[in-house]
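Student: Structure file input-v8.pdb (PDB, C-alpha atoms (C1' of nucleotides)) right here:
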```pdb
MODEL        1
ATOM      1  CA  MET W   8     186.483 -58.100  62.451  1.00  0.00           C
ATOM      2  CA  THR W   9     186.080 -56.006  59.390  1.00  0.00           C
ATOM      3  CA  ARG W  10     188.529 -53.184  59.136  1.00  0.00           C
ATOM      4  CA  TYR W  11     188.166 -50.051  57.069  1.00  0.00           C
ATOM      5  CA  TRP W  12     190.622 -48.367  54.731  1.00  0.00           C
ATOM      6  CA  LEU W  13     191.012 -45.567  52.254  1.00  0.00           C
ATOM      7  CA  MET W  14     192.862 -46.330  49.037  1.00  0.00           C
ATOM      8  CA  LYS W  15     194.034 -43.596  46.674  1.00  0.00           C
ATOM      9  CA  SER W  16     194.041 -43.826  42.923  1.00  0.00           C
ATOM     10  CA  GLU W  17     194.446 -41.214  40.258  1.00  0.00           C
ATOM     11  CA  PRO W  18     191.271 -41.433  38.191  1.00  0.00           C
ATOM     12  CA  THR W  19     193.209 -40.668  35.009  1.00  0.00           C
ATOM     13  CA  SER W  20     194.995 -43.988  35.506  1.00  0.00           C
ATOM     14  CA  TYR W  21     192.284 -45.995  37.295  1.00  0.00           C
ATOM     15  CA  SER W  22     188.922 -44.673  38.437  1.00  0.00           C
ATOM     16  CA  ILE W  23     185.866 -46.030  40.218  1.00  0.00           C
ATOM     17  CA  ASP W  24     184.243 -46.358  36.787  1.00  0.00           C
ATOM     18  CA  ASP W  25     187.090 -48.591  35.668  1.00  0.00           C
ATOM     19  CA  LEU W  26     186.614 -50.764  38.748  1.00  0.00           C
ATOM     20  CA  LYS W  27     182.859 -50.860  38.175  1.00  0.00           C
ATOM     21  CA  GLN W  28     183.468 -52.096  34.659  1.00  0.00           C
ATOM     22  CA  ASP W  29     186.179 -54.616  35.608  1.00  0.00           C
ATOM     23  CA  GLY W  30     184.440 -55.904  38.739  1.00  0.00           C
ATOM     24  CA  PHE W  31     187.778 -56.442  40.465  1.00  0.00           C
ATOM     25  CA  THR W  32     191.387 -55.376  40.115  1.00  0.00           C
ATOM     26  CA  LEU W  33     194.861 -55.970  41.442  1.00  0.00           C
ATOM     27  CA  TRP W  34     196.035 -53.006  43.524  1.00  0.00           C
ATOM     28  CA  ASP W  35     199.612 -53.218  42.309  1.00  0.00           C
ATOM     29  CA  GLY W  36     202.304 -50.589  41.921  1.00  0.00           C
ATOM     30  CA  VAL W  37     202.379 -49.477  45.561  1.00  0.00           C
ATOM     31  CA  ARG W  38     205.971 -48.502  46.321  1.00  0.00           C
ATOM     32  CA  ASN W  39     205.794 -47.193  49.822  1.00  0.00           C
ATOM     33  CA  TYR W  40     206.795 -49.402  52.724  1.00  0.00           C
ATOM     34  CA  GLN W  41     204.179 -48.203  55.152  1.00  0.00           C
ATOM     35  CA  ALA W  42     201.395 -48.715  52.627  1.00  0.00           C
ATOM     36  CA  ARG W  43     202.824 -52.123  51.722  1.00  0.00           C
ATOM     37  CA  ASN W  44     202.937 -53.132  55.367  1.00  0.00           C
ATOM     38  CA  TYR W  45     199.304 -52.233  55.813  1.00  0.00           C
ATOM     39  CA  MET W  46     198.398 -54.411  52.840  1.00  0.00           C
ATOM     40  CA  ARG W  47     200.708 -57.244  53.828  1.00  0.00           C
ATOM     41  CA  ASP W  48     200.178 -57.341  57.580  1.00  0.00           C
ATOM     42  CA  GLU W  49     196.822 -55.844  58.388  1.00  0.00           C
ATOM     43  CA  MET W  50     194.397 -56.143  55.499  1.00  0.00           C
ATOM     44  CA  ALA W  51     192.077 -59.110  55.550  1.00  0.00           C
ATOM     45  CA  VAL W  52     189.598 -60.531  53.083  1.00  0.00           C
ATOM     46  CA  GLY W  53     186.271 -58.796  53.606  1.00  0.00           C
ATOM     47  CA  ASP W  54     187.727 -55.468  54.708  1.00  0.00           C
ATOM     48  CA  LEU W  55     186.074 -52.476  53.066  1.00  0.00           C
ATOM     49  CA  ALA W  56     187.885 -49.520  51.537  1.00  0.00           C
ATOM     50  CA  LEU W  57     186.882 -46.042  50.454  1.00  0.00           C
ATOM     51  CA  PHE W  58     187.976 -45.547  46.846  1.00  0.00           C
ATOM     52  CA  TYR W  59     189.638 -42.127  46.758  1.00  0.00           C
ATOM     53  CA  HIS W  60     190.318 -40.113  43.632  1.00  0.00           C
ATOM     54  CA  SER W  61     193.561 -38.175  44.064  1.00  0.00           C
ATOM     55  CA  ASN W  62     194.842 -35.440  41.771  1.00  0.00           C
ATOM     56  CA  ALA W  63     191.280 -35.038  40.594  1.00  0.00           C
ATOM     57  CA  PHE W  64     188.938 -32.101  40.026  1.00  0.00           C
ATOM     58  CA  PRO W  65     188.066 -32.162  42.793  1.00  0.00           C
ATOM     59  CA  SER W  66     189.754 -34.890  44.774  1.00  0.00           C
ATOM     60  CA  GLY W  67     187.527 -36.973  47.010  1.00  0.00           C
ATOM     61  CA  VAL W  68     185.892 -40.298  47.747  1.00  0.00           C
ATOM     62  CA  ALA W  69     184.133 -41.891  44.797  1.00  0.00           C
ATOM     63  CA  GLY W  70     182.843 -45.167  46.184  1.00  0.00           C
ATOM     64  CA  ILE W  71     183.619 -48.377  48.022  1.00  0.00           C
ATOM     65  CA  CYS W  72     185.501 -51.566  47.262  1.00  0.00           C
ATOM     66  CA  ARG W  73     186.107 -54.753  49.199  1.00  0.00           C
ATOM     67  CA  ILE W  74     189.375 -56.601  49.779  1.00  0.00           C
ATOM     68  CA  CYS W  75     188.888 -60.022  48.215  1.00  0.00           C
ATOM     69  CA  LYS W  76     192.403 -61.498  48.169  1.00  0.00           C
ATOM     70  CA  VAL W  77     195.520 -60.740  50.198  1.00  0.00           C
ATOM     71  CA  GLY W  78     199.190 -61.716  50.256  1.00  0.00           C
ATOM     72  CA  ILE W  79     199.801 -61.449  46.521  1.00  0.00           C
ATOM     73  CA  PRO W  80     203.379 -60.726  45.362  1.00  0.00           C
ATOM     74  CA  ASP W  81     203.497 -57.624  43.164  1.00  0.00           C
ATOM     75  CA  LEU W  82     205.059 -59.019  40.011  1.00  0.00           C
ATOM     76  CA  THR W  83     205.234 -55.626  38.309  1.00  0.00           C
ATOM     77  CA  ALA W  84     208.404 -55.164  40.401  1.00  0.00           C
ATOM     78  CA  LEU W  85     210.048 -57.929  38.320  1.00  0.00           C
ATOM     79  CA  ASP W  86     209.110 -56.480  34.953  1.00  0.00           C
ATOM     80  CA  PRO W  87     211.775 -54.183  33.485  1.00  0.00           C
ATOM     81  CA  ASN W  88     209.152 -52.670  31.208  1.00  0.00           C
ATOM     82  CA  SER W  89     206.836 -51.754  34.048  1.00  0.00           C
ATOM     83  CA  PRO W  90     206.847 -48.269  35.527  1.00  0.00           C
ATOM     84  CA  TYR W  91     206.852 -50.054  38.880  1.00  0.00           C
ATOM     85  CA  TYR W  92     210.005 -52.067  38.144  1.00  0.00           C
ATOM     86  CA  ASP W  93     212.347 -52.465  41.120  1.00  0.00           C
ATOM     87  CA  LYS W  94     215.767 -53.872  40.246  1.00  0.00           C
ATOM     88  CA  ARG W  95     216.213 -55.256  43.752  1.00  0.00           C
ATOM     89  CA  ALA W  96     213.185 -57.520  43.435  1.00  0.00           C
ATOM     90  CA  THR W  97     213.518 -61.235  42.668  1.00  0.00           C
ATOM     91  CA  LYS W  98     211.032 -64.084  42.268  1.00  0.00           C
ATOM     92  CA  ALA W  99     212.063 -65.419  45.666  1.00  0.00           C
ATOM     93  CA  LYS W 100     211.891 -61.968  47.226  1.00  0.00           C
ATOM     94  CA  PRO W 101     209.562 -59.733  45.227  1.00  0.00           C
ATOM     95  CA  ILE W 102     209.812 -57.085  47.998  1.00  0.00           C
ATOM     96  CA  TRP W 103     206.460 -55.595  47.073  1.00  0.00           C
ATOM     97  CA  CYS W 104     203.080 -57.165  47.506  1.00  0.00           C
ATOM     98  CA  THR W 105     199.516 -56.301  46.718  1.00  0.00           C
ATOM     99  CA  VAL W 106     195.876 -57.182  47.278  1.00  0.00           C
ATOM    100  CA  GLU W 107     192.916 -57.743  45.011  1.00  0.00           C
ATOM    101  CA  VAL W 108     189.841 -55.596  45.463  1.00  0.00           C
ATOM    102  CA  GLU W 109     186.323 -55.992  44.140  1.00  0.00           C
ATOM    103  CA  TYR W 110     183.807 -53.350  43.220  1.00  0.00           C
ATOM    104  CA  VAL W 111     181.110 -52.654  45.803  1.00  0.00           C
ATOM    105  CA  GLU W 112     179.548 -49.363  44.791  1.00  0.00           C
ATOM    106  CA  LYS W 113     179.996 -46.001  43.155  1.00  0.00           C
ATOM    107  CA  PHE W 114     178.456 -43.348  45.377  1.00  0.00           C
ATOM    108  CA  PRO W 115     175.358 -41.609  44.027  1.00  0.00           C
ATOM    109  CA  TYR W 116     177.014 -38.398  45.291  1.00  0.00           C
ATOM    110  CA  PHE W 117     180.754 -37.853  45.013  1.00  0.00           C
ATOM    111  CA  VAL W 118     182.247 -36.774  48.366  1.00  0.00           C
ATOM    112  CA  PRO W 119     184.834 -34.063  47.723  1.00  0.00           C
ATOM    113  CA  LEU W 120     187.786 -33.626  50.038  1.00  0.00           C
ATOM    114  CA  TYR W 121     186.761 -30.078  50.902  1.00  0.00           C
ATOM    115  CA  GLU W 122     183.436 -31.358  52.161  1.00  0.00           C
ATOM    116  CA  ILE W 123     185.128 -33.908  54.417  1.00  0.00           C
ATOM    117  CA  ARG W 124     187.387 -31.146  55.697  1.00  0.00           C
ATOM    118  CA  GLU W 125     184.469 -28.912  56.572  1.00  0.00           C
ATOM    119  CA  SER W 126     182.946 -31.282  59.101  1.00  0.00           C
ATOM    120  CA  SER W 127     184.326 -31.745  62.605  1.00  0.00           C
ATOM    121  CA  GLU W 128     182.865 -35.239  62.325  1.00  0.00           C
ATOM    122  CA  PHE W 129     186.064 -36.212  60.555  1.00  0.00           C
ATOM    123  CA  ASP W 130     188.567 -34.830  63.020  1.00  0.00           C
ATOM    124  CA  GLY W 131     191.417 -37.310  63.331  1.00  0.00           C
ATOM    125  CA  LEU W 132     191.017 -38.790  59.871  1.00  0.00           C
ATOM    126  CA  VAL W 133     194.581 -39.423  58.687  1.00  0.00           C
ATOM    127  CA  LEU W 134     193.688 -38.238  55.193  1.00  0.00           C
ATOM    128  CA  LEU W 135     193.220 -34.718  56.551  1.00  0.00           C
ATOM    129  CA  GLU W 136     196.573 -34.512  58.301  1.00  0.00           C
ATOM    130  CA  LYS W 137     198.894 -31.945  56.832  1.00  0.00           C
ATOM    131  CA  GLY W 138     201.248 -33.531  54.356  1.00  0.00           C
ATOM    132  CA  SER W 139     199.561 -36.911  54.457  1.00  0.00           C
ATOM    133  CA  ARG W 140     200.679 -38.654  51.296  1.00  0.00           C
ATOM    134  CA  LEU W 141     200.110 -42.254  52.243  1.00  0.00           C
ATOM    135  CA  SER W 142     198.150 -44.093  49.554  1.00  0.00           C
ATOM    136  CA  ILE W 143     196.708 -46.742  51.882  1.00  0.00           C
ATOM    137  CA  ILE W 144     195.181 -45.300  55.021  1.00  0.00           C
ATOM    138  CA  PRO W 145     193.355 -46.982  57.911  1.00  0.00           C
ATOM    139  CA  VAL W 146     189.973 -45.416  58.672  1.00  0.00           C
ATOM    140  CA  ASP W 147     187.851 -46.042  61.743  1.00  0.00           C
ATOM    141  CA  SER W 148     184.317 -47.329  61.332  1.00  0.00           C
ATOM    142  CA  THR W 149     182.711 -44.037  62.378  1.00  0.00           C
ATOM    143  CA  HIS W 150     184.586 -42.084  59.732  1.00  0.00           C
ATOM    144  CA  PHE W 151     183.948 -44.772  57.142  1.00  0.00           C
ATOM    145  CA  GLU W 152     180.227 -44.700  57.786  1.00  0.00           C
ATOM    146  CA  GLY W 153     180.168 -40.911  57.875  1.00  0.00           C
ATOM    147  CA  ILE W 154     181.695 -40.684  54.418  1.00  0.00           C
ATOM    148  CA  ARG W 155     179.431 -43.421  53.105  1.00  0.00           C
ATOM    149  CA  ASP W 156     176.443 -41.449  54.395  1.00  0.00           C
ATOM    150  CA  LEU W 157     177.645 -38.340  52.575  1.00  0.00           C
ATOM    151  CA  GLY W 158     177.976 -40.430  49.430  1.00  0.00           C
ATOM    152  CA  HIS W 159     174.396 -41.572  49.722  1.00  0.00           C
ATOM    153  CA  HIS W 160     172.792 -38.235  50.409  1.00  0.00           C
ATOM    154  CA  SER W 161     172.579 -34.945  48.627  1.00  0.00           C
ATOM    155  CA  SER W 162     175.609 -32.717  48.772  1.00  0.00           C
ATOM    156  CA  PRO W 163     175.615 -29.063  47.752  1.00  0.00           C
ATOM    157  CA  SER W 164     177.418 -29.166  44.437  1.00  0.00           C
ATOM    158  CA  TYR W 165     177.084 -32.669  43.025  1.00  0.00           C
ATOM    159  CA  SER W 166     173.885 -34.157  41.722  1.00  0.00           C
ATOM    160  CA  GLU W 167     173.189 -37.807  41.250  1.00  0.00           C
ATOM    161  CA  GLY W 168     174.991 -39.406  38.348  1.00  0.00           C
ATOM    162  CA  ASN W 169     176.340 -36.082  37.227  1.00  0.00           C
ATOM    163  CA  TRP W 170     179.994 -36.310  38.175  1.00  0.00           C
TER     164      TRP W 170
ATOM    165  C1'  DG F 279     202.673 -25.307  36.988  1.00  0.00           C
ATOM    166  C1'  DC F 280     203.702 -24.319  41.784  1.00  0.00           C
ATOM    167  C1'  DC F 281     205.147 -25.679  46.006  1.00  0.00           C
ATOM    168  C1'  DA F 282     204.969 -27.873  50.647  1.00  0.00           C
ATOM    169  C1'  DA F 283     205.671 -32.086  52.800  1.00  0.00           C
ATOM    170  C1'  DC F 284     207.541 -36.405  52.765  1.00  0.00           C
ATOM    171  C1'  DG F 285     210.364 -40.614  51.635  1.00  0.00           C
ATOM    172  C1'  DT F 286     214.560 -42.457  49.769  1.00  0.00           C
ATOM    173  C1'  DT F 287     219.280 -42.468  48.463  1.00  0.00           C
ATOM    174  C1'  DG F 288     224.002 -42.194  48.979  1.00  0.00           C
ATOM    175  C1'  DG F 289     228.394 -39.914  50.454  1.00  0.00           C
ATOM    176  C1'  DC F 290     230.834 -39.453  54.382  1.00  0.00           C
TER     177       DC F 290
ATOM    178  C1'  DG I  73     224.160 -43.064  61.661  1.00  0.00           C
ATOM    179  C1'  DC I  74     223.800 -38.356  59.883  1.00  0.00           C
ATOM    180  C1'  DC I  75     221.995 -35.405  56.672  1.00  0.00           C
ATOM    181  C1'  DA I  76     221.890 -32.985  52.167  1.00  0.00           C
ATOM    182  C1'  DA I  77     220.190 -33.754  47.758  1.00  0.00           C
ATOM    183  C1'  DC I  78     216.881 -35.497  45.121  1.00  0.00           C
ATOM    184  C1'  DG I  79     212.458 -37.482  43.580  1.00  0.00           C
ATOM    185  C1'  DT I  80     207.547 -38.016  44.433  1.00  0.00           C
ATOM    186  C1'  DT I  81     202.953 -36.970  46.022  1.00  0.00           C
ATOM    187  C1'  DG I  82     199.070 -34.401  45.812  1.00  0.00           C
ATOM    188  C1'  DG I  83     196.227 -30.184  46.720  1.00  0.00           C
ATOM    189  C1'  DC I  84     195.438 -26.099  44.627  1.00  0.00           C
TER     190       DC I  84
ENDMDL
END
```
Re-express the file's structure as structure tokens.

Tutor:
Amino acid sequence: MTRYWLMKSEPTSYSIDDLKQDGFTLWDGVRNYQARNYMRDEMAVGDLALFYHSNAFPSGVAGICRICKVGIPDLTALDPNSPYYDKRATKAKPIWCTVEVEYVEKFPYFVPLYEIRESSEFDGLVLLEKGSRLSIIPVDSTHFEGIRDLGHHSSPSYSEGNW
DNA sequence: GCCAACGTTGGC
DNA sequence: GCCAACGTTGGC
């Protein structure tokens, strides 16, 4: 069964346009146990994820990617020169793991966070919970499809291709 | 840049 | 195991 996720990235470091250009990317650098556990224990190949731009102007969902490989050790934890270096990590026990995702689509219409907030359709979405900082978030299929619909249809302040 | 909310660390 | 201090996230 396909599951649905939301994955946050700061577009200044890696955006949906970067993923579109690369085709696929390793989602490494996650250093939160709950997010790691989702990736390690619950993500499966074929799962779909909303690609979320955080710390953006505005923040919101930019498109969709698909999980194409799971159970990958995050080797950036072993690299002293990496910002994601973790001195406790070893080759035998890298501690952190990651997944590979592939580009599916960039939405014709960017879906800003404030727009998601406005609709009662998205009540219960973990992203909207106060203080929710988790970078990997499970999303139910209804919410996933609702956001995808918004991304495919006109929204008040964003025109096609102009964001 | 501000600040609220959270997660992690480390002394005890 | 408690909890204060600290660092980070992320919206604004």

Student: Could you please tell me, as a list in words, which residues of chain I have an atom within 12 Å of chain W when using all atoms listed in the file?

Tutor: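 The complete set of qualifying residues is DT80, DT81, DG82, DG83 and DC84 of chain I.
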
Student: With only C-alpha atoms (C1' of nucleotides) as the atoms that count, which of W:His159, W:Arg73, W:Lys137, W:Lys94 lies nearest to F:DA283?

Tutor: W:Lys137

Student: Step by step, work through what the PyMOL selection byres ((chain W and resi 79-83) around 9) selects in the shown file, and finish by giving those residues as a VMD selection string.

Tutor: chain W and resid 33 to 37 47 76 to 78 84 to 93 96 98 100 to 107

Student: Could you please determine the separation between atom CA of W:Tyr121 and atom CA of W:Asp29 in Å, to one decimal place?

Tutor: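 Result for atom CA of W:Tyr121 versus atom CA of W:Asp29: 28.9 Å, one decimal.
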
Student: What's the separation between atom CA of W:Arg95 and atom CA of W:Ala51, in Å to one decimal place?

Tutor: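 Straight-line distance from atom CA of W:Arg95 to atom CA of W:Ala51 works out to 27.1 Å.
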
Student: Restricting the calculation to only C-alpha atoms: of W:Cys75, W:Tyr11, W:Gly70, W:Val108, which residue gets closest to W:Phe31?

Tutor: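 Of all the options, W:Val108 lies closest to W:Phe31.
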
Student: Looking at all atoms listed in the file, which of W:Thr97, W:Asp54, W:Glu122, W:Glu49 is the one that sits closest to W:Met8?

Tutor: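 Among W:Thr97, W:Asp54, W:Glu122, W:Glu49, it is W:Asp54 that comes nearest to W:Met8.
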
Student: So what does the PyMOL selection byres ((chain W and resi 59) around 8) actually pick up in this one, as a PDB file with C-alpha atoms, keeping the file's coordinate frame?

Tutor:
```
ATOM      1  CA  LEU W  13     191.012 -45.567  52.254  1.00  0.00           C
ATOM      2  CA  MET W  14     192.862 -46.330  49.037  1.00  0.00           C
ATOM      3  CA  LYS W  15     194.034 -43.596  46.674  1.00  0.00           C
ATOM      4  CA  SER W  16     194.041 -43.826  42.923  1.00  0.00           C
ATOM      5  CA  LEU W  57     186.882 -46.042  50.454  1.00  0.00           C
ATOM      6  CA  PHE W  58     187.976 -45.547  46.846  1.00  0.00           C
ATOM      7  CA  HIS W  60     190.318 -40.113  43.632  1.00  0.00           C
ATOM      8  CA  SER W  61     193.561 -38.175  44.064  1.00  0.00           C
ATOM      9  CA  SER W  66     189.754 -34.890  44.774  1.00  0.00           C
ATOM     10  CA  GLY W  67     187.527 -36.973  47.010  1.00  0.00           C
ATOM     11  CA  VAL W  68     185.892 -40.298  47.747  1.00  0.00           C
ATOM     12  CA  ALA W  69     184.133 -41.891  44.797  1.00  0.00           C
ATOM     13  CA  GLY W  70     182.843 -45.167  46.184  1.00  0.00           C
TER      14      GLY W  70
END
```

Student: Please work out which residues fall within 12 Å of (185.9, -53.0, 58.1), coordinates as given in the file, with only C-alpha atoms (C1' of nucleotides) counting, and return them as an MDAnalysis selection string.

Tutor: chainID W and resid 8:13 49:57 71:74 145:152

Student: What gap, in Å, lies between atom CA of W:Ser126 and atom CA of W:Asp156?

Tutor: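 These two atoms are separated by 13.0 Å.
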
Student: Could you write stretch 106-119 of chain W as a CSV table (one decimal), keeping the file's coordinate frame, with N, CA, C and O atoms rebuilt where they are missing?

Tutor:
```
chain,number,residue,atom,x,y,z
W,106,VAL,N,197.1,-56.5,47.0
W,106,VAL,CA,195.9,-57.2,47.3
W,106,VAL,C,195.0,-57.0,46.1
W,106,VAL,O,195.2,-56.2,45.2
W,107,GLU,N,193.9,-57.9,46.0
W,107,GLU,CA,192.9,-57.7,45.0
W,107,GLU,C,191.7,-57.1,45.7
W,107,GLU,O,191.3,-57.5,46.8
W,108,VAL,N,191.1,-56.2,44.9
W,108,VAL,CA,189.8,-55.6,45.5
W,108,VAL,C,188.7,-55.8,44.5
W,108,VAL,O,188.9,-56.0,43.3
W,109,GLU,N,187.5,-55.9,45.0
W,109,GLU,CA,186.3,-56.0,44.1
W,109,GLU,C,185.4,-54.8,44.3
W,109,GLU,O,185.3,-54.2,45.4
W,110,TYR,N,184.7,-54.5,43.2
W,110,TYR,CA,183.8,-53.4,43.2
W,110,TYR,C,182.6,-53.6,44.2
W,110,TYR,O,182.1,-54.7,44.2
W,111,VAL,N,182.3,-52.6,45.0
W,111,VAL,CA,181.1,-52.7,45.8
W,111,VAL,C,180.1,-51.6,45.3
W,111,VAL,O,179.0,-52.0,45.0
W,112,GLU,N,180.5,-50.4,45.3
W,112,GLU,CA,179.5,-49.4,44.8
W,112,GLU,C,180.3,-48.1,44.4
W,112,GLU,O,181.3,-47.7,44.9
W,113,LYS,N,179.6,-47.4,43.5
W,113,LYS,CA,180.0,-46.0,43.2
W,113,LYS,C,179.0,-45.2,43.9
W,113,LYS,O,177.8,-45.4,43.7
W,114,PHE,N,179.4,-44.2,44.6
W,114,PHE,CA,178.5,-43.3,45.4
W,114,PHE,C,177.5,-42.6,44.4
W,114,PHE,O,178.0,-42.1,43.4
W,115,PRO,N,176.2,-42.5,44.8
W,115,PRO,CA,175.4,-41.6,44.0
W,115,PRO,C,175.9,-40.2,44.0
W,115,PRO,O,175.7,-39.4,43.1
W,116,TYR,N,176.5,-39.8,45.2
W,116,TYR,CA,177.0,-38.4,45.3
W,116,TYR,C,178.5,-38.5,45.6
W,116,TYR,O,178.9,-39.0,46.7
W,117,PHE,N,179.3,-37.9,44.8
W,117,PHE,CA,180.8,-37.9,45.0
W,117,PHE,C,181.0,-37.0,46.3
W,117,PHE,O,180.3,-36.1,46.5
W,118,VAL,N,182.0,-37.5,47.1
W,118,VAL,CA,182.2,-36.8,48.4
W,118,VAL,C,183.6,-36.1,48.3
W,118,VAL,O,184.7,-36.7,48.5
W,119,PRO,N,183.6,-34.8,47.9
W,119,PRO,CA,184.8,-34.1,47.7
W,119,PRO,C,185.6,-33.9,49.0
W,119,PRO,O,185.0,-33.8,50.1
```
